[in-house]
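**Student:** Data file target03.txt (compact mmCIF, C-alpha atoms) is appended below.
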# COMPACT_ATOMS: atom_id res chain seq x y z
CA MET A 11 -190.28 -125.56 -1.54
CA ASP A 12 -188.19 -123.98 1.23
CA ALA A 13 -189.25 -124.50 4.78
CA VAL A 14 -190.58 -121.51 6.64
CA PRO A 15 -188.32 -120.49 9.55
CA ALA A 16 -189.72 -121.23 12.97
CA ALA A 17 -189.44 -117.60 13.97
CA GLU A 18 -192.11 -116.69 11.46
CA HIS A 19 -194.66 -118.78 13.34
CA GLU A 20 -194.26 -116.68 16.47
CA PRO A 21 -196.84 -113.90 16.81
CA PRO A 22 -195.39 -110.41 16.40
CA ALA A 23 -195.24 -108.11 19.39
CA PRO A 24 -198.41 -106.01 19.60
CA PRO A 25 -197.86 -102.32 18.86
CA GLY A 26 -198.67 -99.29 20.97
CA TRP A 27 -200.73 -99.60 24.13
CA VAL A 28 -201.84 -103.12 23.13
CA ARG A 29 -198.42 -104.34 24.26
CA HIS A 30 -199.14 -102.86 27.68
CA TRP A 31 -202.58 -104.47 27.66
CA ALA A 32 -201.04 -107.85 26.75
CA ARG A 33 -198.78 -107.65 29.82
CA GLN A 34 -201.83 -106.99 31.99
CA TRP A 35 -203.66 -109.92 30.40
CA ARG A 36 -200.76 -112.29 31.01
CA ALA A 37 -200.49 -111.14 34.63
CA LEU A 38 -204.23 -111.63 35.14
CA LEU A 39 -204.09 -115.14 33.66
CA ALA A 40 -201.22 -115.93 36.05
CA LEU A 41 -203.28 -114.74 39.03
CA LEU A 42 -206.26 -116.78 37.87
CA SER A 43 -203.98 -119.83 37.56
CA VAL A 44 -202.85 -119.41 41.19
CA PHE A 45 -206.50 -119.55 42.34
CA GLY A 46 -207.24 -122.53 40.06
CA MET A 47 -209.39 -120.50 37.65
CA ASN A 48 -207.20 -120.76 34.55
CA CYS A 49 -205.77 -123.91 32.98
CA THR A 50 -203.74 -122.36 30.15
CA ARG A 51 -200.05 -121.51 30.00
CA GLY A 52 -197.52 -120.04 27.59
CA TRP A 53 -197.93 -117.20 25.11
CA PRO A 54 -200.17 -117.32 23.22
CA PRO A 55 -201.90 -119.36 25.96
CA ARG A 56 -202.63 -123.01 25.34
CA PRO A 57 -204.63 -125.47 27.50
CA TRP A 58 -202.58 -127.55 29.92
CA ARG A 59 -203.91 -130.62 31.69
CA GLY A 60 -201.75 -130.13 34.78
CA LEU A 61 -203.36 -126.78 35.61
CA ARG A 62 -206.80 -128.28 35.02
CA TRP A 63 -206.13 -130.97 37.62
CA TYR A 64 -204.81 -128.33 40.01
CA GLY A 65 -207.92 -126.21 39.49
CA SER A 66 -210.17 -129.22 40.07
CA LEU A 67 -208.37 -129.96 43.35
CA VAL A 68 -208.70 -126.34 44.52
CA LEU A 69 -212.39 -126.38 43.58
CA ALA A 70 -213.07 -129.58 45.53
CA VAL A 71 -211.25 -128.31 48.63
CA ARG A 72 -213.07 -124.99 48.57
CA ILE A 73 -216.50 -126.59 48.18
CA LEU A 74 -215.95 -129.02 51.07
CA HIS A 75 -214.56 -126.30 53.33
CA ASP A 76 -217.23 -123.70 52.54
CA VAL A 77 -220.14 -126.12 52.94
CA GLN A 78 -218.73 -127.31 56.25
CA ALA A 79 -218.20 -123.71 57.40
CA LEU A 80 -221.77 -122.72 56.52
CA ILE A 81 -223.23 -125.71 58.36
CA GLU A 82 -220.99 -125.06 61.38
CA ILE A 83 -221.91 -121.36 61.59
CA LYS A 84 -225.61 -122.11 61.31
CA THR A 85 -225.46 -124.89 63.91
CA THR A 86 -223.43 -122.81 66.36
CA ARG A 87 -225.77 -119.83 66.10
CA GLU A 88 -228.82 -122.04 66.56
CA ASP A 89 -227.33 -123.61 69.67
CA ILE A 90 -226.78 -120.25 71.35
CA GLY A 91 -230.05 -118.84 70.03
CA LYS A 92 -228.52 -115.94 68.04
CA ILE A 93 -229.94 -116.46 64.57
CA ASN A 94 -230.92 -112.89 63.69
CA TYR A 95 -231.38 -110.92 60.48
CA ILE A 96 -227.69 -110.03 59.99
CA VAL A 97 -226.54 -113.62 60.56
CA LEU A 98 -229.02 -114.91 57.99
CA LEU A 99 -227.91 -112.19 55.58
CA CYS A 100 -224.24 -113.15 56.00
CA LEU A 101 -225.04 -116.84 55.52
CA TYR A 102 -226.97 -116.05 52.36
CA GLU A 103 -224.12 -113.86 51.06
CA MET A 104 -221.61 -116.65 51.68
CA SER A 105 -223.88 -119.09 49.83
CA VAL A 106 -224.21 -116.76 46.84
CA LYS A 107 -220.46 -116.22 46.83
CA LEU A 108 -219.83 -119.97 46.94
CA VAL A 109 -222.26 -120.74 44.11
CA GLY A 110 -220.98 -117.89 41.94
CA SER A 111 -217.31 -118.74 42.38
CA VAL A 112 -217.94 -122.44 41.74
CA VAL A 113 -219.90 -121.73 38.55
CA SER A 114 -217.18 -119.36 37.29
CA GLN A 115 -214.40 -121.81 38.08
CA VAL A 116 -216.17 -124.71 36.40
CA VAL A 117 -216.75 -122.67 33.24
CA MET A 118 -213.12 -121.55 33.11
CA LEU A 119 -211.87 -125.11 33.63
CA VAL A 120 -214.22 -126.74 31.13
CA ARG A 121 -213.68 -124.19 28.35
CA PRO A 122 -210.04 -123.03 28.40
CA GLU A 123 -210.07 -122.65 24.63
CA ASP A 124 -212.14 -119.47 25.00
CA VAL A 125 -209.21 -117.77 26.73
CA CYS A 126 -206.95 -118.91 23.90
CA LEU A 127 -209.35 -117.63 21.23
CA VAL A 128 -209.74 -114.22 22.88
CA THR A 129 -205.96 -113.81 23.04
CA GLU A 130 -205.49 -114.92 19.43
CA CYS A 131 -208.16 -112.49 18.27
CA MET A 132 -206.38 -109.66 20.06
CA LEU A 133 -203.08 -110.57 18.40
CA LEU A 134 -204.70 -110.90 14.97
CA TYR A 135 -206.44 -107.54 15.22
CA SER A 136 -203.29 -105.80 16.43
CA ARG A 137 -201.42 -106.98 13.32
CA VAL A 138 -203.66 -104.93 11.02
CA GLY A 139 -205.16 -102.37 13.36
CA GLN A 140 -201.90 -100.83 14.60
CA PRO A 141 -203.66 -99.08 17.52
CA ALA A 142 -201.31 -96.56 19.12
CA VAL A 143 -203.73 -94.31 21.04
CA TRP A 144 -202.98 -94.28 24.75
CA GLY A 145 -205.64 -93.48 27.26
CA ALA A 146 -207.23 -94.37 30.56
CA VAL A 147 -208.29 -97.80 29.21
CA ALA A 148 -204.66 -98.94 29.47
CA LEU A 149 -204.75 -98.36 33.25
CA VAL A 150 -207.96 -100.24 34.06
CA GLY A 151 -206.28 -103.49 35.05
CA PRO A 152 -203.52 -102.08 37.32
CA THR A 153 -205.92 -99.67 38.99
CA TYR A 154 -208.38 -102.37 40.05
CA VAL A 155 -205.69 -104.88 41.05
CA VAL A 156 -203.99 -102.29 43.27
CA GLY A 157 -207.38 -101.35 44.72
CA LEU A 158 -208.15 -105.00 45.40
CA VAL A 159 -204.86 -105.43 47.27
CA LEU A 160 -205.37 -102.26 49.31
CA VAL A 161 -208.91 -103.27 50.28
CA ALA A 162 -208.28 -106.97 50.99
CA GLY A 163 -204.94 -106.44 52.72
CA PRO A 164 -206.21 -104.77 55.93
CA SER A 165 -208.80 -107.47 56.61
CA THR A 166 -206.21 -110.22 56.20
CA TYR A 167 -203.75 -108.39 58.47
CA ALA A 168 -206.42 -107.82 61.10
CA MET A 169 -207.39 -111.48 61.07
CA ALA A 170 -203.74 -112.58 61.27
CA THR A 171 -203.04 -110.38 64.29
CA THR A 172 -206.22 -111.08 66.28
CA GLY A 173 -207.09 -114.68 65.45
CA THR A 174 -205.41 -118.08 65.34
CA TRP A 175 -203.78 -119.60 62.30
CA MET A 176 -206.75 -121.91 61.87
CA GLN A 177 -209.15 -118.96 61.91
CA LEU A 178 -206.97 -117.12 59.39
CA PHE A 179 -206.91 -120.16 57.09
CA SER A 180 -210.67 -120.59 57.38
CA TYR A 181 -211.28 -116.90 56.69
CA MET A 182 -209.01 -116.82 53.63
CA LEU A 183 -210.35 -120.03 52.10
CA GLY A 184 -214.01 -119.53 52.93
CA ASP A 185 -214.51 -115.77 52.58
CA LEU A 186 -211.53 -113.93 51.10
CA VAL A 187 -210.57 -116.31 48.29
CA PRO A 188 -214.10 -116.52 46.76
CA SER A 189 -214.38 -112.72 46.91
CA VAL A 190 -210.98 -112.23 45.28
CA VAL A 191 -211.79 -114.83 42.62
CA MET A 192 -215.04 -113.09 41.69
CA MET A 193 -213.29 -109.73 41.69
CA LEU A 194 -210.65 -111.11 39.31
CA VAL A 195 -213.44 -112.27 37.00
CA GLY A 196 -214.85 -108.75 37.09
CA ILE A 197 -211.40 -107.30 36.34
CA MET A 198 -211.12 -109.71 33.40
CA GLN A 199 -214.41 -108.36 32.02
CA LEU A 200 -213.25 -104.77 32.52
CA LEU A 201 -209.90 -105.50 30.88
CA MET A 202 -211.47 -107.10 27.81
CA THR A 203 -214.00 -104.29 27.46
CA ALA A 204 -211.19 -101.72 27.75
CA LEU A 205 -209.43 -103.52 24.89
CA TYR A 206 -212.54 -103.27 22.71
CA VAL A 207 -212.86 -99.57 23.53
CA GLY A 208 -209.26 -99.07 22.44
CA PHE A 209 -209.86 -100.93 19.18
CA ALA A 210 -213.03 -98.94 18.55
CA THR A 211 -211.13 -95.71 19.21
CA ASP A 212 -208.54 -96.73 16.63
CA GLU A 213 -211.25 -97.75 14.14
CA SER A 214 -213.11 -94.46 14.61
CA SER A 215 -209.95 -92.41 14.06
CA ASN A 216 -209.16 -94.37 10.90
CA VAL A 217 -212.66 -93.84 9.54
CA LYS A 218 -212.35 -90.14 10.30
CA GLY A 219 -209.00 -90.06 8.49
CA TRP A 220 -210.49 -91.85 5.49
CA VAL A 221 -213.36 -89.37 5.29
CA SER A 222 -210.97 -86.41 5.48
CA GLU A 223 -208.75 -87.78 2.70
CA ALA A 224 -211.72 -88.73 0.55
CA GLU A 225 -213.22 -85.23 0.87
CA ALA A 226 -209.91 -83.70 -0.15
CA SER A 227 -209.19 -85.93 -3.15
CA LYS A 228 -212.63 -87.23 -4.26
CA CYS A 229 -210.76 -90.31 -5.40
CA PRO A 230 -212.61 -93.64 -5.69
CA ALA A 231 -209.35 -95.51 -5.02
CA HIS A 232 -210.09 -95.11 -1.32
CA VAL A 233 -212.82 -97.75 -1.59
CA GLU A 234 -210.37 -100.60 -0.96
CA LEU A 235 -209.20 -98.99 2.28
CA LEU A 236 -212.82 -98.44 3.33
CA ARG A 237 -213.56 -102.09 2.71
CA LYS A 238 -210.62 -103.09 4.93
CA LEU A 239 -211.96 -100.85 7.69
CA ARG A 240 -215.37 -102.45 7.30
CA VAL A 241 -213.90 -105.94 7.69
CA ARG A 242 -211.98 -104.85 10.79
CA GLN A 243 -215.12 -103.40 12.35
CA GLN A 244 -216.99 -106.64 11.68
CA PHE A 245 -214.14 -108.56 13.28
CA LEU A 246 -214.35 -106.32 16.35
CA HIS A 247 -218.10 -106.92 16.55
CA ASP A 248 -217.54 -110.68 16.38
CA MET A 249 -215.00 -110.44 19.20
CA VAL A 250 -217.51 -108.63 21.41
CA LEU A 251 -220.25 -111.18 20.69
CA HIS A 252 -217.95 -114.11 21.36
CA HIS A 253 -216.80 -112.54 24.61
CA ASN A 254 -220.40 -111.92 25.75
CA SER A 255 -221.41 -115.53 25.17
CA ALA A 256 -218.21 -117.45 26.04
CA PHE A 257 -217.87 -116.00 29.54
CA GLY A 258 -221.55 -115.26 30.09
CA TRP A 259 -222.00 -117.58 33.07
CA CYS A 260 -218.86 -116.21 34.72
CA TYR A 261 -220.03 -112.63 34.32
CA LEU A 262 -223.58 -113.41 35.44
CA SER A 263 -222.20 -114.97 38.62
CA CYS A 264 -219.89 -112.00 39.06
CA LEU A 265 -222.77 -109.55 38.66
CA ALA A 266 -224.86 -111.38 41.27
CA HIS A 267 -221.89 -111.42 43.63
CA VAL A 268 -221.11 -107.73 43.11
CA PHE A 269 -224.70 -106.68 43.86
CA MET A 270 -225.02 -109.02 46.82
CA GLU A 271 -221.70 -108.16 48.48
CA THR A 272 -222.09 -104.45 47.75
CA VAL A 273 -225.46 -104.49 49.46
CA LEU A 274 -224.19 -106.47 52.43
CA CYS A 275 -221.04 -104.38 53.00
CA LEU A 276 -222.81 -101.05 52.65
CA TYR A 277 -225.66 -102.27 54.84
CA LEU A 278 -223.31 -103.39 57.61
CA GLY A 279 -221.18 -100.27 57.24
CA LEU A 280 -224.15 -97.94 57.57
CA ALA A 281 -226.14 -100.11 59.97
CA GLN A 282 -225.03 -98.09 62.97
CA LEU A 283 -227.35 -95.37 61.70
CA ARG A 284 -230.19 -97.80 62.37
CA GLN A 285 -228.63 -99.00 65.67
CA VAL A 286 -228.17 -102.50 64.36
CA ALA A 287 -224.40 -102.79 64.42
CA ASP A 288 -222.01 -102.01 67.23
CA PRO A 289 -221.12 -98.30 67.00
CA SER A 290 -217.88 -98.98 68.84
CA GLU A 291 -216.34 -100.39 65.65
CA PRO A 292 -215.86 -97.30 63.43
CA LEU A 293 -212.89 -98.78 61.55
CA LEU A 294 -214.82 -101.95 60.75
CA ASN A 295 -217.76 -99.92 59.46
CA ALA A 296 -215.41 -97.81 57.33
CA TRP A 297 -213.84 -100.98 55.88
CA PHE A 298 -217.27 -102.38 55.00
CA CYS A 299 -218.21 -99.14 53.24
CA THR A 300 -214.89 -99.06 51.35
CA TRP A 301 -215.22 -102.67 50.17
CA GLY A 302 -218.83 -102.15 49.08
CA ALA A 303 -218.02 -98.92 47.23
CA PHE A 304 -215.05 -100.59 45.53
CA GLU A 305 -217.22 -103.42 44.23
CA LEU A 306 -219.88 -100.95 43.11
CA THR A 307 -217.29 -99.14 40.97
CA MET A 308 -216.86 -102.33 38.95
CA PHE A 309 -220.47 -102.19 37.79
CA CYS A 310 -220.25 -98.45 37.12
CA GLY A 311 -216.93 -98.89 35.31
CA MET A 312 -218.41 -101.53 33.01
CA CYS A 313 -221.34 -99.24 32.19
CA ILE A 314 -218.99 -96.35 31.39
CA LEU A 315 -216.75 -98.47 29.17
CA GLY A 316 -219.79 -99.96 27.43
CA GLN A 317 -221.15 -96.49 26.72
CA LYS A 318 -217.75 -95.46 25.36
CA LEU A 319 -217.84 -98.41 22.96
CA VAL A 320 -221.33 -97.43 21.80
CA ASP A 321 -220.28 -93.80 21.32
CA HIS A 322 -217.36 -94.72 19.07
CA HIS A 323 -219.59 -96.81 16.81
CA GLY A 324 -222.15 -94.02 16.72
CA GLN A 325 -219.42 -91.59 15.69
CA MET A 326 -218.36 -93.88 12.84
CA TYR A 327 -221.95 -94.14 11.64
CA CYS A 328 -222.41 -90.35 11.66
CA LEU A 329 -219.15 -89.82 9.76
CA LEU A 330 -220.09 -92.30 7.05
CA ARG A 331 -223.66 -91.07 6.64
CA GLY A 332 -222.57 -87.44 6.65
CA PHE A 333 -219.97 -88.04 3.95
CA LEU A 334 -222.49 -89.99 1.86
CA VAL A 335 -225.10 -87.24 2.08
CA SER A 336 -222.68 -84.41 1.34
CA ASN A 337 -221.12 -86.13 -1.69
CA PRO A 338 -223.90 -87.35 -4.01
CA GLN A 339 -221.51 -87.37 -6.99
CA LEU A 340 -219.63 -90.44 -5.76
CA CYS A 341 -219.40 -93.48 -8.00
CA THR A 342 -221.74 -96.43 -7.49
CA GLU A 343 -219.04 -98.63 -5.95
CA ALA A 344 -218.16 -96.05 -3.33
CA LYS A 345 -221.83 -95.38 -2.52
CA LEU A 346 -222.59 -99.06 -2.08
CA GLU A 347 -219.58 -99.55 0.18
CA LEU A 348 -220.47 -96.52 2.30
CA GLN A 349 -224.11 -97.56 2.60
CA GLY A 350 -223.14 -101.13 3.46
CA PHE A 351 -220.65 -99.99 6.11
CA ALA A 352 -223.14 -97.58 7.68
CA GLN A 353 -225.96 -100.15 7.74
CA GLN A 354 -223.58 -102.74 9.19
CA ILE A 355 -222.83 -100.47 12.16
CA ARG A 356 -226.46 -99.47 12.58
CA ARG A 357 -227.81 -103.03 12.73
CA GLN A 358 -225.17 -104.35 15.11
CA ASP A 359 -225.36 -104.28 18.89
CA ASN A 360 -221.78 -103.69 19.99
CA ARG A 361 -222.47 -103.28 23.70
CA PRO A 362 -220.70 -105.57 26.16
CA GLY A 363 -223.14 -107.73 28.04
CA ILE A 364 -224.18 -111.15 29.27
CA PHE A 365 -225.80 -113.54 26.78
CA GLY A 366 -227.65 -110.59 25.25
CA LEU A 367 -229.86 -110.46 28.36
CA ILE A 368 -228.22 -107.46 29.99
CA HIS A 369 -225.98 -104.84 28.41
CA TYR A 370 -223.65 -102.41 30.09
CA ASP A 371 -224.11 -98.74 29.23
CA LEU A 372 -225.23 -95.53 30.91
CA LYS A 373 -228.86 -96.38 30.19
CA THR A 374 -228.53 -99.52 32.30
CA MET A 375 -226.86 -97.63 35.14
CA LYS A 376 -229.54 -94.96 34.99
CA ALA A 377 -232.32 -97.55 35.02
CA VAL A 378 -230.90 -99.22 38.15
CA LYS A 379 -230.62 -95.84 39.88
CA LEU A 380 -234.15 -94.78 38.95
CA LYS A 381 -235.65 -98.10 39.99
CA THR A 382 -233.91 -97.86 43.36
CA ARG A 383 -235.17 -94.32 43.91
CA GLU A 384 -238.68 -95.37 42.92
CA ARG A 385 -238.68 -98.14 45.51
CA ILE A 386 -237.29 -95.76 48.11
CA HIS A 387 -240.18 -93.33 47.58
CA LYS A 388 -242.68 -96.18 47.91
CA THR A 389 -241.20 -97.59 51.14
CA ASP A 390 -242.93 -95.69 53.92
CA GLN A 391 -241.30 -97.45 56.86
CA LEU A 392 -237.79 -96.34 55.82
CA ARG A 393 -238.34 -92.64 55.21
CA THR A 394 -236.13 -91.38 58.00
CA ILE A 395 -232.95 -93.06 56.75
CA PRO A 396 -230.58 -91.45 54.19
CA MET A 397 -231.16 -92.39 50.56
CA PHE A 398 -228.05 -94.52 50.15
CA CYS A 399 -228.75 -96.56 53.26
CA LEU A 400 -232.33 -96.97 52.07
CA ALA A 401 -231.17 -98.33 48.74
CA THR A 402 -228.86 -100.89 50.30
CA GLY A 403 -231.45 -101.87 52.89
CA PHE A 404 -234.08 -102.34 50.21
CA TYR A 405 -231.85 -104.56 48.14
CA CYS A 406 -230.95 -106.58 51.24
CA HIS A 407 -234.61 -107.33 51.96
CA CYS A 408 -235.25 -107.98 48.28
CA ILE A 409 -232.42 -110.49 48.00
CA VAL A 410 -233.21 -112.31 51.24
CA LEU A 411 -236.92 -112.68 50.54
CA GLN A 412 -236.91 -113.42 46.82
CA GLY A 413 -233.86 -115.62 46.57
CA PHE A 414 -230.93 -115.77 44.18
CA ALA A 415 -232.77 -116.64 40.98
CA SER A 416 -235.43 -113.98 41.31
CA THR A 417 -232.79 -111.40 42.23
CA VAL A 418 -230.83 -112.04 39.06
CA THR A 419 -234.04 -111.87 37.05
CA TYR A 420 -234.97 -108.62 38.79
CA ILE A 421 -231.62 -107.05 37.94
CA ILE A 422 -231.89 -108.14 34.31
CA VAL A 423 -235.43 -106.81 33.90
CA LEU A 424 -234.90 -103.45 35.56
CA SER A 425 -231.67 -102.96 33.59
CA GLN A 426 -233.50 -103.16 30.29
CA PHE A 427 -236.18 -100.56 30.99
CA GLU A 428 -236.37 -97.04 32.32
CA PRO A 429 -239.25 -96.96 34.79
CA ALA A 430 -240.92 -93.66 35.55
CA VAL A 431 -240.20 -92.40 39.05
CA GLY A 432 -243.32 -91.61 40.99
CA HIS A 433 -243.42 -88.24 42.78
Starting from the coordinates I provided, produce the structure as structure tokens.
**Tutor:**
Amino acid sequence: MDAVPAAEHEPPAPPGWVRHWARQWRALLALLSVFGMNCTRGWPPRPWRGLRWYGSLVLAVRILHDVQALIEIKTTREDIGKINYIVLLCLYEMSVKLVGSVVSQVVMLVRPEDVCLVTECMLLYSRVGQPAVWGAVALVGPTYVVGLVLVAGPSTYAMATTGTWMQLFSYMLGDLVPSVVMMLVGIMQLLMTALYVGFATDESSNVKGWVSEAEASKCPAHVELLRKLRVRQQFLHDMVLHHNSAFGWCYLSCLAHVFMETVLCLYLGLAQLRQVADPSEPLLNAWFCTWGAFELTMFCGMCILGQKLVDHHGQMYCLLRGFLVSNPQLCTEAKLELQGFAQQIRRQDNRPGIFGLIHYDLKTMKAVKLKTRERIHKTDQLRTIPMFCLATGFYCHCIVLQGFASTVTYIIVLSQFEPAVGH
């Protein structure tokens, strides 16, 4: 038996916009490797022990530095008697950021095979899916990376020009690096969800094409093609489920960080309305508002992409059921395949989420908004402040008083229900 050439073992280049997505994915993995969050290399990526040791060293240095910085800030403020609400809030935010980034980094270092499996699944699907539809999903990664650079750059420049090198190093290692790391985790979630939306778009267009051809020819030979589409859709569903569970702890930490830092930045940016911050720092307040709004767009972007994924599956279900109802003369094999495909889509939950506890779609975003407005109406002592400042202030108090665990639980619960707003 002749040996298979080595070239045949190399994965083929992905077609269409998936090739562009693969470049973004490789660039993101390289950035994560720089920050010690990724211990894979090559293409397709494979675990490498050297990067794991490097990530472990970065993790140990960050933990020691951040814990020391927190203790030093607290001790210094206590000595001069300036432990106030904003200082406590900043200390709590730094603690949440530290815990979240450490949890995410540990998960990424302990389970590098999940990154490899996700990449292999993408390559396998692109061999048969041939997705060639371009759209906004192909620009998700570059848009957020450029935004991250534009938002983080000014703060680093300001610190470099006004402080010492030791202060700059402490700021970057203790505050900027954990924020950037958690933002990169959020971009990874957005990038993977954008890929699933692209695959679902391709699957929906293929189902629509199959229905159109079947209506024109009434030929039962199309059943084999329908079965292939059904297998591809099941494969896409399995990819979404694996992604939700494999990186669940990373995304849960990222969600807690996004809510916490969004609240803090918007609160500090708008605090001059409550005469808490120094009104002589308009640029600083504008930067806080910009950073908070940028992080908030990550949550909204995930909800929009999740809703897009749900809509594509709903469109496939309607196409299949409509064709089945309008063509009762189909053979038994075709009817069974159509019914099985439609029921398969109906029974599956294809929304991106975290361990099945929270799912990202417009319903979740609406529930968070309604719950915030409900609490605003019930908070009598904050009636004179604008709605947005009220929302951030409320979440600040909620997070400080209830703690990290109860805050995450609160977000999960309110995201799953639509409470009625009292008038």
**Student:** Just how far from CA of Val233 (chain A) is CA of Thr342 (chain A), in Å to one decimal?
**Tutor:**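 Spanning CA of Thr342 (chain A) to CA of Val233 (chain A) is a straight-line distance of 10.8 Å.
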**Student:** From the set A:Val221, A:Val207, A:Leu246, A:Met270, which residue has the shortest atom-to-atom contact distance to Met312 (chain A), counting all atoms listed in the file?
**Tutor:**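 Nearest candidate to Met312 (chain A) out of A:Val221, A:Val207, A:Leu246, A:Met270: A:Val207.
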**Student:** When distances are computed from all atoms listed in the file, which of A:Phe351, A:Phe298, A:Phe365, A:Phe209 shows the smallest separation from Ala256 (chain A)?
**Tutor:**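 Looking only at the distances to Ala256 (chain A), the closest residue turns out to be A:Phe365.
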**Student:** Point out the residue among A:Ser263, A:Thr50, A:Asn254, A:Thr203 with the least atom-to-atom distance to Val112 (chain A), counting only C-alpha atoms.
**Tutor:**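 Among the listed residues, A:Ser263 lies closest to Val112 (chain A).
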**Student:** One decimal, in Å: what's the spacing between CA of Val159 (chain A) and CA of Gly65 (chain A)?
**Tutor:**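 So the answer is 22.4 Å.
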**Student:** My list of candidates is A:Pro152, A:Gly279, A:Gly196, A:Gly46. Which is closest to Glu305 (chain A) when distances are computed with all atoms listed in the file?
**Tutor:** A:Gly196
**Student:** Which residues come within 10 Å of region 184-189 of chain A, counting all atoms listed in the file, excluding same-chain residues fewer than 4 positions away, as a ChimeraX atom specification?
**Tutor:** /A:45,72-80,103-104,107-112,162,165-166,178-180,193-195,264,267-268,271
**Student:** As an exercise, work out the distance from CA of Arg33 (chain A) to CA of Thr211 (chain A) in Å and give it to one decimal place.
**Tutor:**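 Straight-line distance from CA of Arg33 (chain A) to CA of Thr211 (chain A) works out to 20.2 Å.
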